[in-house]
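For reference, upload.cif (mmCIF, C-alpha atoms):
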data_data
#
loop_
_atom_site.label_atom_id
_atom_site.label_comp_id
_atom_site.auth_asym_id
_atom_site.auth_seq_id
_atom_site.Cartn_x
_atom_site.Cartn_y
_atom_site.Cartn_z
CA MET A 1 0.00 0.00 0.00
CA THR A 2 1.24 3.48 -0.83
CA MET A 3 1.13 6.55 1.40
CA LEU A 4 -1.40 8.13 -0.97
CA THR A 5 -3.73 5.15 -0.64
CA ALA A 6 -3.47 5.27 3.16
CA ILE A 7 -4.27 8.99 3.15
CA ILE A 8 -7.26 8.53 0.81
CA LEU A 9 -8.69 5.72 2.95
CA GLY A 10 -8.18 7.78 6.12
CA ILE A 11 -9.99 10.76 4.59
CA VAL A 12 -12.85 8.60 3.32
CA GLN A 13 -13.17 6.90 6.71
CA GLY A 14 -13.18 10.21 8.58
CA LEU A 15 -15.74 11.90 6.35
CA THR A 16 -18.18 9.06 5.72
CA GLU A 17 -18.19 7.62 9.25
CA PHE A 18 -20.16 10.67 10.38
CA ILE A 19 -21.73 12.15 7.26
CA PRO A 20 -24.66 9.69 6.89
CA VAL A 21 -23.67 8.25 3.53
CA SER A 22 -22.08 4.94 4.67
CA SER A 23 -18.38 4.61 5.46
CA SER A 24 -18.32 0.87 4.71
CA GLY A 25 -19.98 1.46 1.34
CA HIS A 26 -17.59 4.24 0.35
CA LEU A 27 -14.53 2.33 1.55
CA GLU A 28 -15.59 -0.69 -0.49
CA ILE A 29 -16.08 1.50 -3.56
CA VAL A 30 -12.65 3.09 -3.09
CA GLN A 31 -11.01 -0.31 -2.59
CA GLN A 32 -12.52 -1.66 -5.79
CA LEU A 33 -11.45 1.46 -7.69
CA ILE A 34 -7.91 1.03 -6.37
CA GLY A 35 -7.85 -2.53 -7.69
CA SER A 36 -6.35 -5.69 -6.26
CA ARG A 37 -5.72 -5.87 -2.52
CA PRO A 38 -4.03 -8.34 -0.18
CA GLU A 39 -6.15 -10.74 1.87
CA ASP A 40 -5.22 -8.96 5.11
CA PHE A 41 -6.29 -5.54 3.79
CA HIS A 42 -9.38 -5.63 6.02
CA TYR A 43 -7.03 -5.39 9.02
CA PHE A 44 -6.06 -1.93 7.82
CA LEU A 45 -9.71 -0.88 7.61
CA GLU A 46 -10.34 -2.15 11.13
CA LEU A 47 -7.36 -0.24 12.50
CA ILE A 48 -8.37 3.15 11.06
CA ASN A 49 -11.45 3.10 13.30
CA PHE A 50 -9.18 4.45 16.03
CA GLY A 51 -8.89 7.83 14.33
CA THR A 52 -12.64 8.33 14.12
CA LEU A 53 -13.14 7.11 17.70
CA ILE A 54 -10.66 9.71 18.96
CA ALA A 55 -12.46 12.35 16.87
CA LEU A 56 -15.73 11.51 18.62
CA ILE A 57 -14.18 11.64 22.09
CA ILE A 58 -12.56 15.01 21.36
CA TYR A 59 -15.75 16.54 19.95
CA TYR A 60 -18.05 15.22 22.67
CA HIS A 61 -15.66 15.33 25.66
CA LYS A 62 -17.81 17.93 27.47
CA THR A 63 -20.99 15.92 26.90
CA ILE A 64 -19.27 12.74 28.07
CA TRP A 65 -18.14 14.55 31.21
CA GLN A 66 -21.71 15.78 31.84
CA ILE A 67 -23.05 12.24 31.47
CA LEU A 68 -20.49 10.95 33.96
CA LEU A 69 -21.34 13.73 36.44
CA ARG A 70 -25.03 12.90 36.07
CA ILE A 71 -24.25 9.28 36.92
CA PHE A 72 -21.86 9.75 39.84
CA LYS A 73 -23.24 12.95 41.41
CA LYS A 74 -26.96 12.75 40.73
CA ARG A 75 -27.24 8.97 40.44
CA ASP A 76 -29.16 9.55 37.22
CA PHE A 77 -28.56 6.54 34.97
CA SER A 78 -31.41 7.21 32.52
CA PHE A 79 -29.41 8.58 29.59
CA ALA A 80 -26.54 6.13 30.04
CA THR A 81 -29.07 3.29 30.22
CA ASN A 82 -30.63 4.41 26.93
CA VAL A 83 -27.20 4.48 25.28
CA ILE A 84 -26.53 0.92 26.47
CA ILE A 85 -29.97 -0.24 25.27
CA THR A 86 -29.30 1.27 21.84
CA CYS A 87 -25.88 -0.38 21.65
CA ILE A 88 -27.00 -3.91 22.54
CA PRO A 89 -28.72 -5.03 19.28
CA ALA A 90 -25.91 -3.95 16.95
CA GLY A 91 -23.25 -5.12 19.41
CA LEU A 92 -24.74 -8.61 19.62
CA ALA A 93 -25.41 -8.84 15.89
CA GLY A 94 -21.88 -7.72 15.07
CA LEU A 95 -20.37 -10.20 17.51
CA LEU A 96 -22.44 -13.15 16.31
CA LEU A 97 -22.30 -12.37 12.60
CA ALA A 98 -18.77 -10.98 12.22
CA LYS A 99 -17.32 -14.12 10.61
CA PHE A 100 -20.36 -14.62 8.37
CA ILE A 101 -20.19 -11.02 7.17
CA GLU A 102 -16.46 -11.25 6.51
CA GLU A 103 -16.79 -14.42 4.44
CA ASN A 104 -20.02 -13.63 2.55
CA SER A 105 -19.58 -11.81 -0.76
CA PHE A 106 -23.04 -10.26 -0.33
CA PHE A 107 -21.51 -7.78 2.12
CA SER A 108 -18.85 -6.61 -0.33
CA SER A 109 -21.03 -6.54 -3.44
CA LEU A 110 -21.46 -3.21 -5.19
CA TYR A 111 -25.02 -4.29 -6.02
CA THR A 112 -25.75 -4.55 -2.28
CA ILE A 113 -24.12 -1.18 -1.64
CA GLY A 114 -26.00 0.51 -4.47
CA ILE A 115 -29.40 -0.84 -3.43
CA ALA A 116 -28.84 -0.05 0.26
CA MET A 117 -27.62 3.45 -0.61
CA GLY A 118 -30.76 4.08 -2.63
CA ILE A 119 -33.26 2.70 -0.08
CA VAL A 120 -31.86 4.69 2.86
CA GLY A 121 -31.52 7.74 0.62
CA MET A 122 -35.23 7.57 -0.23
CA LEU A 123 -36.05 7.31 3.48
CA MET A 124 -34.03 10.46 4.13
CA ILE A 125 -35.77 12.34 1.34
CA PHE A 126 -39.28 11.42 2.49
CA ILE A 127 -38.62 11.21 6.26
CA ASP A 128 -40.87 14.21 6.98
CA LYS A 129 -43.82 12.47 5.33
CA LEU A 130 -43.48 9.29 7.41
CA PRO A 131 -45.45 8.73 10.65
CA LYS A 132 -43.46 9.65 13.76
CA LYS A 133 -43.68 9.42 17.52
CA PRO A 134 -44.62 12.62 19.41
CA GLU A 135 -41.78 15.14 19.26
CA LEU A 136 -39.21 15.22 22.05
CA LYS A 137 -37.56 18.57 22.78
CA ASP A 138 -34.64 17.01 24.64
CA VAL A 139 -32.67 13.85 23.79
CA THR A 140 -32.44 13.08 27.52
CA LYS A 141 -36.23 12.53 27.46
CA LEU A 142 -35.85 9.59 25.10
CA THR A 143 -37.59 6.53 26.55
CA PRO A 144 -35.97 3.08 26.75
CA SER A 145 -38.44 1.68 24.21
CA ARG A 146 -37.58 4.38 21.69
CA ALA A 147 -33.87 3.87 22.40
CA LEU A 148 -34.33 0.17 21.61
CA VAL A 149 -35.98 0.95 18.26
CA ILE A 150 -32.98 3.11 17.33
CA GLY A 151 -30.72 0.24 18.36
CA LEU A 152 -32.64 -2.24 16.21
CA ALA A 153 -32.38 0.12 13.23
CA GLN A 154 -28.63 0.25 13.81
CA VAL A 155 -28.37 -3.49 13.11
CA PHE A 156 -29.11 -2.81 9.44
CA ALA A 157 -25.88 -0.81 9.27
CA LEU A 158 -24.04 -4.14 9.12
CA ILE A 159 -25.09 -4.06 5.47
CA PRO A 160 -22.63 -1.83 3.58
CA GLY A 161 -24.38 1.14 2.06
CA VAL A 162 -26.90 1.52 4.89
CA SER A 163 -24.70 3.66 7.20
CA ARG A 164 -24.66 3.37 10.97
CA SER A 165 -25.13 7.10 11.47
CA GLY A 166 -27.73 7.18 8.69
CA SER A 167 -29.84 4.38 10.14
CA THR A 168 -29.75 5.78 13.68
CA ILE A 169 -30.46 9.36 12.61
CA VAL A 170 -33.45 8.23 10.54
CA ALA A 171 -34.70 6.07 13.42
CA GLY A 172 -34.17 8.94 15.84
CA ARG A 173 -36.31 11.19 13.66
CA LEU A 174 -39.06 8.57 13.59
CA MET A 175 -38.82 8.32 17.39
CA GLY A 176 -39.54 12.03 17.81
CA LEU A 177 -36.08 13.63 17.86
CA ASN A 178 -35.13 16.47 15.56
CA SER A 179 -32.29 15.88 13.10
CA LYS A 180 -29.60 17.57 15.20
CA SER A 181 -30.55 15.69 18.37
CA SER A 182 -30.74 12.44 16.39
CA ALA A 183 -27.21 13.02 15.09
CA ASP A 184 -25.86 13.87 18.56
CA TYR A 185 -27.43 10.72 19.99
CA SER A 186 -26.19 8.63 17.07
CA PHE A 187 -22.61 9.83 17.54
CA LEU A 188 -22.68 9.39 21.33
CA VAL A 189 -24.00 5.84 20.94
CA SER A 190 -21.20 5.05 18.52
CA ILE A 191 -18.52 5.79 21.16
CA PRO A 192 -19.03 2.61 23.24
CA LEU A 193 -19.64 0.57 20.08
CA MET A 194 -16.48 1.79 18.38
CA THR A 195 -14.52 1.35 21.61
CA ALA A 196 -15.63 -2.29 21.74
CA VAL A 197 -14.76 -2.77 18.05
CA CYS A 198 -11.30 -1.26 18.54
CA ALA A 199 -10.68 -3.38 21.64
CA LYS A 200 -11.77 -6.52 19.80
CA THR A 201 -9.48 -5.58 16.90
CA LEU A 202 -6.44 -5.38 19.16
CA MET A 203 -7.22 -8.78 20.69
CA SER A 204 -6.33 -10.44 17.38
CA SER A 205 -2.68 -11.46 17.12
CA ASN A 206 -2.92 -11.25 13.32
CA VAL A 207 -4.09 -7.64 13.52
CA ARG A 208 -1.36 -6.74 16.00
CA GLN A 209 1.23 -8.28 13.68
CA TYR A 210 -0.21 -6.38 10.71
CA PHE A 211 -0.13 -3.16 12.74
CA ALA A 212 3.53 -3.72 13.67
CA GLU A 213 4.46 -4.37 10.05
CA ASN A 214 2.49 -1.37 8.71
CA PHE A 215 2.81 0.99 11.66
CA GLY A 216 3.60 4.12 9.67
CA LEU A 217 0.80 3.75 7.13
CA VAL A 218 -1.79 2.87 9.78
CA CYS A 219 -0.83 5.90 11.89
CA LEU A 220 -0.87 8.15 8.83
CA ALA A 221 -4.37 7.00 7.86
CA ASN A 222 -5.59 7.46 11.44
CA VAL A 223 -4.29 11.04 11.57
CA PHE A 224 -6.31 11.89 8.46
CA ALA A 225 -9.34 9.95 9.77
CA LEU A 226 -9.13 11.99 13.00
CA ILE A 227 -8.82 15.36 11.25
CA PHE A 228 -11.54 14.75 8.68
CA GLY A 229 -13.71 13.02 11.27
CA LEU A 230 -13.73 16.17 13.40
CA LEU A 231 -14.55 18.26 10.35
CA ALA A 232 -17.37 15.89 9.37
CA ILE A 233 -18.96 15.83 12.85
CA SER A 234 -18.85 19.62 13.07
CA PHE A 235 -20.32 19.98 9.58
CA VAL A 236 -23.17 17.50 10.16
CA ILE A 237 -24.19 18.96 13.54
CA LYS A 238 -24.11 22.57 12.30
CA TYR A 239 -25.93 21.69 9.08
CA LEU A 240 -28.70 19.73 10.81
CA LYS A 241 -29.09 22.36 13.52
CA LYS A 242 -29.69 24.95 10.81
CA SER A 243 -31.78 22.97 8.34
CA ASN A 244 -33.24 20.03 10.35
CA SER A 245 -33.38 18.19 7.00
CA LEU A 246 -31.77 14.97 5.77
CA GLN A 247 -32.80 15.54 2.16
CA ALA A 248 -29.39 16.69 0.91
CA PHE A 249 -27.79 13.47 2.17
CA GLY A 250 -30.69 11.49 0.74
CA TYR A 251 -30.31 12.98 -2.74
CA TYR A 252 -26.55 12.33 -2.68
CA ARG A 253 -27.17 8.70 -1.75
CA VAL A 254 -29.79 8.18 -4.46
CA ILE A 255 -27.60 9.77 -7.14
CA LEU A 256 -24.61 7.66 -6.08
CA ALA A 257 -26.80 4.53 -6.03
CA ILE A 258 -27.96 5.19 -9.58
CA ILE A 259 -24.38 5.73 -10.75
CA ILE A 260 -23.22 2.49 -9.10
CA LEU A 261 -26.07 0.36 -10.43
CA VAL A 262 -25.92 1.81 -13.95
CA ALA A 263 -22.15 1.29 -14.07
CA LEU A 264 -22.60 -2.34 -12.99
CA LEU A 265 -25.30 -2.98 -15.57
CA ILE A 266 -23.39 -1.56 -18.53
CA GLN A 267 -19.95 -3.02 -17.76
#

Take the structure I supplied and represent it as structure tokens, if you would.
Amino acid sequence: MTMLTAIILGIVQGLTEFIPVSSSGHLEIVQQLIGSRPEDFHYFLELINFGTLIALIIYYHKTIWQILLRIFKKRDFSFATNVIITCIPAGLAGLLLAKFIEENSFFSSLYTIGIAMGIVGMLMIFIDKLPKKPELKDVTKLTPSRALVIGLAQVFALIPGVSRSGSTIVAGRLMGLNSKSSADYSFLVSIPLMTAVCAKTLMSSNVRQYFAENFGLVCLANVFALIFGLLAISFVIKYLKKSNSLQAFGYYRVILAIIILVALLIQ
């Protein structure tokens, strides 16, 4: 792998992990555009999650501190409990299906990515016309049942092209949150999930060996994932706070889906 490839993958990871357009889908597209890849290339993709995790912790460090104070000073576990409830479905599904996903070509197919991109994109475009739960003015008022629904929606993000942030933001909207609050909740929920993923990654001796052998490139990609991750989070939160609309992301997804599927059909 070249330095340029590592930088490109880091930038794509940082941007698309938080802009709700699917990081796994975009990374797969970039990989296929690059061409052939070694069998252990997926180790590299697992390791660049660290950059985006650090970006989340930096951006939300004040919110994380407030949550911890609420737990230890006020003995208020409600928000933390909701976060855990939301994490459980995707965490269990990812743990149980990790090997199946890795070995099944369905999850790396551009057809799958294109169709998933289009379906979620259409949901984003027409989200305001779909039936929703009564509006919640504060994300801390989210009930456990609504938190569970968001968690169940997050399971679909195991399919490349769906997007973890996209699925949870859409579900959050349907559960009564505005777009900005849905994004904040989505990103906060991803912190424990990504921490678990990163910890699991480091438990593999093969990954640790790959990291040692490709230390410079992995670190380089993570630096770019961190920088562009921070930029992406800031952009998404500011944009949704101002517009409260997911349509722009939806149109992008639908256009990209059409391009992918047309390209596949005419090749």

For the file shown, what are the residues hit by the PyMOL selection byres ((chain A and resi 121-124) around 6), laid out as a PDB file with C-alpha atoms, keeping the file's coordinate frame?
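Final output, saved to result-v3.pdb:
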ATOM      1  CA  MET A 117     -27.620   3.450  -0.610  1.00  0.00           C
ATOM      2  CA  GLY A 118     -30.760   4.080  -2.630  1.00  0.00           C
ATOM      3  CA  ILE A 119     -33.260   2.700  -0.080  1.00  0.00           C
ATOM      4  CA  VAL A 120     -31.860   4.690   2.860  1.00  0.00           C
ATOM      5  CA  ILE A 125     -35.770  12.340   1.340  1.00  0.00           C
ATOM      6  CA  PHE A 126     -39.280  11.420   2.490  1.00  0.00           C
ATOM      7  CA  ILE A 127     -38.620  11.210   6.260  1.00  0.00           C
ATOM      8  CA  LEU A 246     -31.770  14.970   5.770  1.00  0.00           C
ATOM      9  CA  GLN A 247     -32.800  15.540   2.160  1.00  0.00           C
ATOM     10  CA  GLY A 250     -30.690  11.490   0.740  1.00  0.00           C
ATOM     11  CA  ARG A 253     -27.170   8.700  -1.750  1.00  0.00           C
ATOM     12  CA  VAL A 254     -29.790   8.180  -4.460  1.00  0.00           C
TER      13      VAL A 254
END

Which neighbours of Leu240 (chain A) fall inside 10 Å, counting only C-alpha atoms, when residues of the same chain fewer than 6 positions from it are skipped, and could you give them as a PyMOL selection string? chain A and resi 178-183+246

Write the residues you've just listed into a file as a PDB file, in the coordinates of the input, and include C-alpha atoms for each of them.
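As a result, out37.pdb now contains:
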ATOM      1  CA  ASN A 178     -35.130  16.470  15.560  1.00  0.00           C
ATOM      2  CA  SER A 179     -32.290  15.880  13.100  1.00  0.00           C
ATOM      3  CA  LYS A 180     -29.600  17.570  15.200  1.00  0.00           C
ATOM      4  CA  SER A 181     -30.550  15.690  18.370  1.00  0.00           C
ATOM      5  CA  SER A 182     -30.740  12.440  16.390  1.00  0.00           C
ATOM      6  CA  ALA A 183     -27.210  13.020  15.090  1.00  0.00           C
ATOM      7  CA  LEU A 246     -31.770  14.970   5.770  1.00  0.00           C
TER       8      LEU A 246
END

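Near Ile64 (chain A), within 12 Å and counting only C-alpha atoms, sit Leu56, Ile57, Ile58, Tyr59, Tyr60, His61, Lys62, Gln66, Ile67, Leu68, Leu69, Arg70, Ile71, Phe79, Ala80, Val83, Asp184, Tyr185, Phe187, Leu188, Val189, Ile191 and Pro192 of chain A; same-chain residues fewer than 2 positions away were not included.
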
Selection to disk with C-alpha atoms, as a PDB file, in the frame of the given file:
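Written out: selection-v2.pdb:
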ATOM      1  CA  LEU A  56     -15.730  11.510  18.620  1.00  0.00           C
ATOM      2  CA  ILE A  57     -14.180  11.640  22.090  1.00  0.00           C
ATOM      3  CA  ILE A  58     -12.560  15.010  21.360  1.00  0.00           C
ATOM      4  CA  TYR A  59     -15.750  16.540  19.950  1.00  0.00           C
ATOM      5  CA  TYR A  60     -18.050  15.220  22.670  1.00  0.00           C
ATOM      6  CA  HIS A  61     -15.660  15.330  25.660  1.00  0.00           C
ATOM      7  CA  LYS A  62     -17.810  17.930  27.470  1.00  0.00           C
ATOM      8  CA  GLN A  66     -21.710  15.780  31.840  1.00  0.00           C
ATOM      9  CA  ILE A  67     -23.050  12.240  31.470  1.00  0.00           C
ATOM     10  CA  LEU A  68     -20.490  10.950  33.960  1.00  0.00           C
ATOM     11  CA  LEU A  69     -21.340  13.730  36.440  1.00  0.00           C
ATOM     12  CA  ARG A  70     -25.030  12.900  36.070  1.00  0.00           C
ATOM     13  CA  ILE A  71     -24.250   9.280  36.920  1.00  0.00           C
ATOM     14  CA  PHE A  79     -29.410   8.580  29.590  1.00  0.00           C
ATOM     15  CA  ALA A  80     -26.540   6.130  30.040  1.00  0.00           C
ATOM     16  CA  VAL A  83     -27.200   4.480  25.280  1.00  0.00           C
ATOM     17  CA  ASP A 184     -25.860  13.870  18.560  1.00  0.00           C
ATOM     18  CA  TYR A 185     -27.430  10.720  19.990  1.00  0.00           C
ATOM     19  CA  PHE A 187     -22.610   9.830  17.540  1.00  0.00           C
ATOM     20  CA  LEU A 188     -22.680   9.390  21.330  1.00  0.00           C
ATOM     21  CA  VAL A 189     -24.000   5.840  20.940  1.00  0.00           C
ATOM     22  CA  ILE A 191     -18.520   5.790  21.160  1.00  0.00           C
ATOM     23  CA  PRO A 192     -19.030   2.610  23.240  1.00  0.00           C
TER      24      PRO A 192
END

Smallest atom-to-atom distance to Leu45 (chain A): which of A:Phe72, A:Lys99, A:Asn222, A:Phe106, using only C-alpha atoms?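 Closest residue, counting only C-alpha atoms: A:Asn222.
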
Matched chain/residue IDs from the PyMOL selection byres ((chain A and resi 108) around 12), as a PyMOL selection string: chain A and resi 24-32+42+100-107+109-114+116+158-161
